[in-house]
Structures are given as C-alpha cells and as structure tokens.
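The file entry06.cif comes next; it holds mmCIF, C-alpha atoms.
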```cif
data_structure
#
loop_
_atom_site.group_PDB
_atom_site.id
_atom_site.type_symbol
_atom_site.label_atom_id
_atom_site.label_comp_id
_atom_site.auth_asym_id
_atom_site.auth_seq_id
_atom_site.Cartn_x
_atom_site.Cartn_y
_atom_site.Cartn_z
ATOM 1 C CA MET A 641 -6.866 -0.410 -8.525
ATOM 2 C CA VAL A 642 -3.230 0.097 -7.619
ATOM 3 C CA GLY A 643 -1.735 2.476 -5.096
ATOM 4 C CA ILE A 644 -0.418 2.978 -1.589
ATOM 5 C CA PHE A 645 -1.836 2.654 1.904
ATOM 6 C CA TRP A 646 -1.100 2.879 5.617
ATOM 7 C CA VAL A 647 -2.321 0.423 8.212
ATOM 8 C CA ASP A 648 -3.832 0.920 11.664
ATOM 9 C CA LYS A 649 -2.677 -2.372 13.222
ATOM 10 C CA LYS A 650 -4.277 -1.625 16.587
ATOM 11 C CA ASN A 651 -7.760 -1.374 15.065
ATOM 12 C CA LYS A 652 -7.002 -3.884 12.284
ATOM 13 C CA ARG A 653 -7.914 -1.697 9.351
ATOM 14 C CA ILE A 654 -6.466 0.214 6.434
ATOM 15 C CA ASP A 655 -6.630 3.901 7.376
ATOM 16 C CA LEU A 656 -5.241 5.851 4.443
ATOM 17 C CA ILE A 657 -5.660 4.605 0.891
ATOM 18 C CA HIS A 658 -4.469 6.442 -2.193
ATOM 19 C CA ALA A 659 -5.629 4.303 -5.081
ATOM 20 C CA ASP A 660 -5.378 4.878 -8.806
ATOM 21 C CA PRO A 661 -7.514 3.073 -11.375
ATOM 22 C CA ILE A 662 -5.650 1.147 -14.046
ATOM 23 C CA LYS A 663 -6.104 2.959 -17.333
ATOM 24 C CA SER A 664 -4.606 1.652 -20.541
ATOM 25 C CA ALA A 665 -3.731 5.213 -21.570
ATOM 26 C CA ASP A 666 -1.454 5.520 -18.515
ATOM 27 C CA LEU A 667 0.587 2.417 -19.282
ATOM 28 C CA GLU A 668 4.176 2.661 -20.340
ATOM 29 C CA PRO A 669 4.823 0.499 -23.410
ATOM 30 C CA GLY A 670 6.617 -2.664 -22.335
ATOM 31 C CA ALA A 671 6.304 -1.947 -18.607
ATOM 32 C CA GLU A 672 5.921 -5.202 -16.685
ATOM 33 C CA PHE A 673 4.234 -3.642 -13.640
ATOM 34 C CA ILE A 674 1.565 -1.002 -13.284
ATOM 35 C CA ASN A 675 2.260 1.178 -10.288
ATOM 36 C CA GLY A 676 0.201 3.878 -8.609
ATOM 37 C CA LEU A 677 0.872 7.541 -9.239
ATOM 38 C CA HIS A 678 1.663 8.366 -5.603
ATOM 39 C CA ALA A 679 4.751 7.905 -3.424
ATOM 40 C CA HIS A 680 4.379 7.362 0.332
ATOM 41 C CA PHE A 681 6.685 10.246 1.246
ATOM 42 C CA ALA A 682 4.965 12.792 -1.020
ATOM 43 C CA VAL A 683 1.441 11.855 0.060
ATOM 44 C CA TRP A 684 2.400 11.868 3.754
ATOM 45 C CA GLU A 685 3.922 15.333 3.504
ATOM 46 C CA LEU A 686 0.924 16.656 1.549
ATOM 47 C CA LEU A 687 -1.484 15.289 4.164
ATOM 48 C CA ARG A 688 0.678 16.744 6.939
ATOM 49 C CA ALA A 689 0.761 20.173 5.277
ATOM 50 C CA LYS A 690 -3.023 20.161 4.869
ATOM 51 C CA GLY A 691 -3.592 18.963 8.446
ATOM 52 C CA ASP A 692 -5.251 15.778 7.163
ATOM 53 C CA LEU A 693 -3.090 13.155 8.893
ATOM 54 C CA PRO A 694 -4.928 11.167 11.567
ATOM 55 C CA LYS A 695 -4.066 12.602 15.007
ATOM 56 C CA LYS A 696 -2.400 9.358 16.092
ATOM 57 C CA TRP A 697 0.194 9.766 13.307
ATOM 58 C CA VAL A 698 0.814 13.536 13.252
ATOM 59 C CA ASP A 699 4.149 13.313 15.086
ATOM 60 C CA GLN A 700 5.441 10.306 13.154
ATOM 61 C CA GLU A 701 7.332 9.968 9.919
ATOM 62 C CA TYR A 702 5.682 7.997 7.131
ATOM 63 C CA GLU A 703 8.061 5.019 7.256
ATOM 64 C CA TYR A 704 7.330 4.305 10.931
ATOM 65 C CA VAL A 705 3.632 3.684 10.288
ATOM 66 C CA PRO A 706 2.867 0.265 8.752
ATOM 67 C CA ARG A 707 2.341 0.758 5.039
ATOM 68 C CA GLY A 708 2.298 -0.979 1.716
ATOM 69 C CA ARG A 709 1.690 -0.805 -2.000
ATOM 70 C CA VAL A 710 -0.500 -2.549 -4.564
ATOM 71 C CA LEU A 711 0.976 -3.174 -8.042
ATOM 72 C CA TYR A 712 -0.375 -4.989 -11.061
ATOM 73 C CA ASP A 713 1.828 -7.555 -12.803
ATOM 74 C CA ARG A 714 0.835 -7.370 -16.463
ATOM 75 C CA LYS A 715 2.681 -10.523 -17.471
ATOM 76 C CA ARG A 716 1.073 -12.733 -14.804
ATOM 77 C CA LYS A 717 -2.232 -10.776 -14.749
ATOM 78 C CA GLN A 718 -2.018 -10.620 -10.976
ATOM 79 C CA PHE A 719 -2.159 -7.906 -8.323
ATOM 80 C CA LYS A 720 0.774 -7.900 -5.916
ATOM 81 C CA VAL A 721 0.503 -6.395 -2.464
ATOM 82 C CA TYR A 722 3.780 -5.511 -0.767
ATOM 83 C CA SER A 723 3.992 -4.796 2.961
ATOM 84 C CA SER A 724 5.905 -5.978 6.012
ATOM 85 C CA LYS A 725 6.246 -9.751 6.384
ATOM 86 C CA ALA A 726 3.993 -9.828 9.447
ATOM 87 C CA LEU A 727 1.189 -8.011 7.665
ATOM 88 C CA ALA A 728 1.524 -10.007 4.446
ATOM 89 C CA VAL A 729 0.556 -13.243 6.217
ATOM 90 C CA SER A 730 -2.218 -11.737 8.359
ATOM 91 C CA GLN A 731 -5.758 -12.672 7.264
ATOM 92 C CA TRP A 732 -7.397 -9.486 8.577
ATOM 93 C CA PHE A 733 -4.846 -7.444 6.623
ATOM 94 C CA GLN A 734 -5.387 -9.403 3.425
ATOM 95 C CA ASP A 735 -9.156 -9.032 3.750
ATOM 96 C CA ALA A 736 -8.868 -5.268 4.381
ATOM 97 C CA VAL A 737 -6.628 -4.691 1.349
ATOM 98 C CA LEU A 738 -8.778 -6.843 -0.934
ATOM 99 C CA LYS A 739 -11.841 -4.856 0.103
ATOM 100 C CA GLY A 740 -10.186 -1.421 0.176
ATOM 101 C CA PHE A 741 -8.733 -1.769 -3.326
ATOM 102 C CA SER A 742 -11.541 -3.955 -4.752
ATOM 103 C CA LEU A 743 -9.072 -6.696 -5.691
ATOM 104 C CA PRO A 744 -9.980 -10.179 -6.943
ATOM 105 C CA VAL A 745 -9.061 -12.817 -4.342
ATOM 106 C CA LYS A 746 -7.842 -15.401 -6.861
ATOM 107 C CA ARG A 747 -5.610 -12.934 -8.709
ATOM 108 C CA THR A 748 -3.974 -11.200 -5.735
ATOM 109 C CA GLY A 749 -0.767 -12.224 -3.977
ATOM 110 C CA PHE A 750 0.656 -10.859 -0.726
ATOM 111 C CA PHE A 751 4.405 -10.457 -0.250
ATOM 112 C CA GLY A 752 6.642 -9.303 2.572
ATOM 113 C CA ASP A 753 9.287 -6.788 1.530
ATOM 114 C CA ALA A 754 12.082 -5.325 3.662
ATOM 115 C CA HIS A 755 11.311 -1.869 2.234
ATOM 116 C CA TYR A 756 8.070 -1.839 4.239
ATOM 117 C CA GLU A 757 9.475 -3.007 7.577
ATOM 118 C CA ASP A 758 9.569 -0.578 10.492
ATOM 119 C CA PRO A 759 13.074 0.963 10.382
ATOM 120 C CA SER A 760 13.308 0.953 14.177
ATOM 121 C CA LYS A 761 13.000 -2.853 14.184
ATOM 122 C CA ILE A 762 15.486 -3.653 11.424
ATOM 123 C CA LEU A 763 18.752 -2.989 13.236
#
```

Output the file's structure as structure tokens, nothing else.
Amino acid sequence: MVGIFWVDKKNKRIDLIHADPIKSADLEPGAEFINGLHAHFAVWELLRAKGDLPKKWVDQEYEYVPRGRVLYDRKRKQFKVYSSKALAVSQWFQDAVLKGFSLPVKRTGFFGDAHYEDPSKIL
C-alpha cells in the first residue's frame, strides 16, 4: 500500500491513513515511483468539510500536524516512508507505519524530508 498519513505524536500512533493499493493498471509506464492518489491538502480539506477531522486538529492547517507519505520505488523494489527527521528515526513511528500500511520490514526505508517538517519550527 502507498499513501498519506497524519501522526498523533502525543499518543504515539498514526491517526489518519489514506492508503491506496498498488495496482499494475494504475502504473505510469516508465515511472520510477508509485505514489498514492491523494494529496495531504485535498484530503485535509475534504475531511474538514465533512466534519471528519479529529477534534484536536479542527483548528489547525494540515501542514502543522505531523504527516508523511509512503511511496514504492519500482527500481529498488522498496517502500519509502517520508516524514519529519524526528519521526523517521523513531521506533514507535516506524512500527505504526509498517502496521498501518502492511509494509514488509525488510523492504521499507524511512527518510526525513524537509517537506514534512513543521513550518513553525523551520525558521
């Protein structure tokens, strides 16, 4: 599975997962990575409009809640999980993502990426 997620760091769990199965029919010819069908911004706004955001996050924008993405690297036959640097090295986080997306431990790598850092802590 590939897709996006948000993290509840206080309770050490993945709260919102939007996963897409990998289907060969959905693959772009020659594409190196398989990405999920959802974007964080679009899913957040849809959940907000439907009243489905967890109460603790209703007044926040999507980029201020810890989040990440799972991709599949076709060339290396490996799943890649991108999140903040602090989350990427956290064992509880790795375990939660592996379980939540049903990923194989030996074929999954975790990587910190500036795109997923809290904007209020960058400057």

message: Expand the PyMOL selection byres ((chain A and resi 654) around 9) into the explicit residue set it covers here, and present it as a PyMOL selection string.
response: chain A and resi 645-649+651-653+655-657+707+733+736-737+740

Can you write out the residues you just picked, keeping C-alpha atoms, as an mmCIF file, in the coordinates of the input?
```cif
data_model
loop_
_atom_site.group_PDB
_atom_site.id
_atom_site.type_symbol
_atom_site.label_atom_id
_atom_site.label_comp_id
_atom_site.auth_asym_id
_atom_site.auth_seq_id
_atom_site.Cartn_x
_atom_site.Cartn_y
_atom_site.Cartn_z
ATOM 1 C CA PHE A 645 -1.836 2.654 1.904
ATOM 2 C CA TRP A 646 -1.100 2.879 5.617
ATOM 3 C CA VAL A 647 -2.321 0.423 8.212
ATOM 4 C CA ASP A 648 -3.832 0.920 11.664
ATOM 5 C CA LYS A 649 -2.677 -2.372 13.222
ATOM 6 C CA ASN A 651 -7.760 -1.374 15.065
ATOM 7 C CA LYS A 652 -7.002 -3.884 12.284
ATOM 8 C CA ARG A 653 -7.914 -1.697 9.351
ATOM 9 C CA ASP A 655 -6.630 3.901 7.376
ATOM 10 C CA LEU A 656 -5.241 5.851 4.443
ATOM 11 C CA ILE A 657 -5.660 4.605 0.891
ATOM 12 C CA ARG A 707 2.341 0.758 5.039
ATOM 13 C CA PHE A 733 -4.846 -7.444 6.623
ATOM 14 C CA ALA A 736 -8.868 -5.268 4.381
ATOM 15 C CA VAL A 737 -6.628 -4.691 1.349
ATOM 16 C CA GLY A 740 -10.186 -1.421 0.176
#
```

For the provided coordinates, the residues matched by the PyMOL selection byres ((chain A and resi 719) around 12) should be stated as a PDB file with C-alpha atoms, in the coordinates of the input.
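To be explicit, this is the file written out as result.pdb:
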```
ATOM      1  CA  MET A 641      -6.866  -0.410  -8.525  1.00  0.00           C
ATOM      2  CA  VAL A 642      -3.230   0.097  -7.619  1.00  0.00           C
ATOM      3  CA  GLY A 643      -1.735   2.476  -5.096  1.00  0.00           C
ATOM      4  CA  ILE A 662      -5.650   1.147 -14.046  1.00  0.00           C
ATOM      5  CA  GLU A 672       5.921  -5.202 -16.685  1.00  0.00           C
ATOM      6  CA  PHE A 673       4.234  -3.642 -13.640  1.00  0.00           C
ATOM      7  CA  ILE A 674       1.565  -1.002 -13.284  1.00  0.00           C
ATOM      8  CA  ASN A 675       2.260   1.178 -10.288  1.00  0.00           C
ATOM      9  CA  ARG A 709       1.690  -0.805  -2.000  1.00  0.00           C
ATOM     10  CA  VAL A 710      -0.500  -2.549  -4.564  1.00  0.00           C
ATOM     11  CA  LEU A 711       0.976  -3.174  -8.042  1.00  0.00           C
ATOM     12  CA  TYR A 712      -0.375  -4.989 -11.061  1.00  0.00           C
ATOM     13  CA  ASP A 713       1.828  -7.555 -12.803  1.00  0.00           C
ATOM     14  CA  ARG A 714       0.835  -7.370 -16.463  1.00  0.00           C
ATOM     15  CA  LYS A 715       2.681 -10.523 -17.471  1.00  0.00           C
ATOM     16  CA  ARG A 716       1.073 -12.733 -14.804  1.00  0.00           C
ATOM     17  CA  LYS A 717      -2.232 -10.776 -14.749  1.00  0.00           C
ATOM     18  CA  GLN A 718      -2.018 -10.620 -10.976  1.00  0.00           C
ATOM     19  CA  LYS A 720       0.774  -7.900  -5.916  1.00  0.00           C
ATOM     20  CA  VAL A 721       0.503  -6.395  -2.464  1.00  0.00           C
ATOM     21  CA  TYR A 722       3.780  -5.511  -0.767  1.00  0.00           C
ATOM     22  CA  VAL A 737      -6.628  -4.691   1.349  1.00  0.00           C
ATOM     23  CA  LEU A 738      -8.778  -6.843  -0.934  1.00  0.00           C
ATOM     24  CA  PHE A 741      -8.733  -1.769  -3.326  1.00  0.00           C
ATOM     25  CA  SER A 742     -11.541  -3.955  -4.752  1.00  0.00           C
ATOM     26  CA  LEU A 743      -9.072  -6.696  -5.691  1.00  0.00           C
ATOM     27  CA  PRO A 744      -9.980 -10.179  -6.943  1.00  0.00           C
ATOM     28  CA  VAL A 745      -9.061 -12.817  -4.342  1.00  0.00           C
ATOM     29  CA  LYS A 746      -7.842 -15.401  -6.861  1.00  0.00           C
ATOM     30  CA  ARG A 747      -5.610 -12.934  -8.709  1.00  0.00           C
ATOM     31  CA  THR A 748      -3.974 -11.200  -5.735  1.00  0.00           C
ATOM     32  CA  GLY A 749      -0.767 -12.224  -3.977  1.00  0.00           C
ATOM     33  CA  PHE A 750       0.656 -10.859  -0.726  1.00  0.00           C
ATOM     34  CA  PHE A 751       4.405 -10.457  -0.250  1.00  0.00           C
TER      35      PHE A 751
END
```

- prompt: Expanded to explicit residues, what is the PyMOL selection byres ((chain A and resi 681) around 12) for this file, as JSON, numbers by chain?
  reply: {"A": [644, 645, 646, 678, 679, 680, 682, 683, 684, 685, 686, 687, 688, 700, 701, 702, 703, 704, 705, 707]}

query: atom CA of Asp753 of chain A and atom CA of Ser724 of chain A are how many Å apart?
result: 5.7 Å

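Our summary of the geometry notes that atom CA of Ser723 of chain A is positioned 5.2 Å from atom CA of Tyr756 of chain A.
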
field: Among the residues A:Gln734, A:Ala726, A:Pro706, A:Lys739, the one that comes closest to Pro759 of chain A [using all atoms listed in the file]
entry: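 Residue with the minimum atom-to-atom distance to Pro759 of chain A: A:Pro706.
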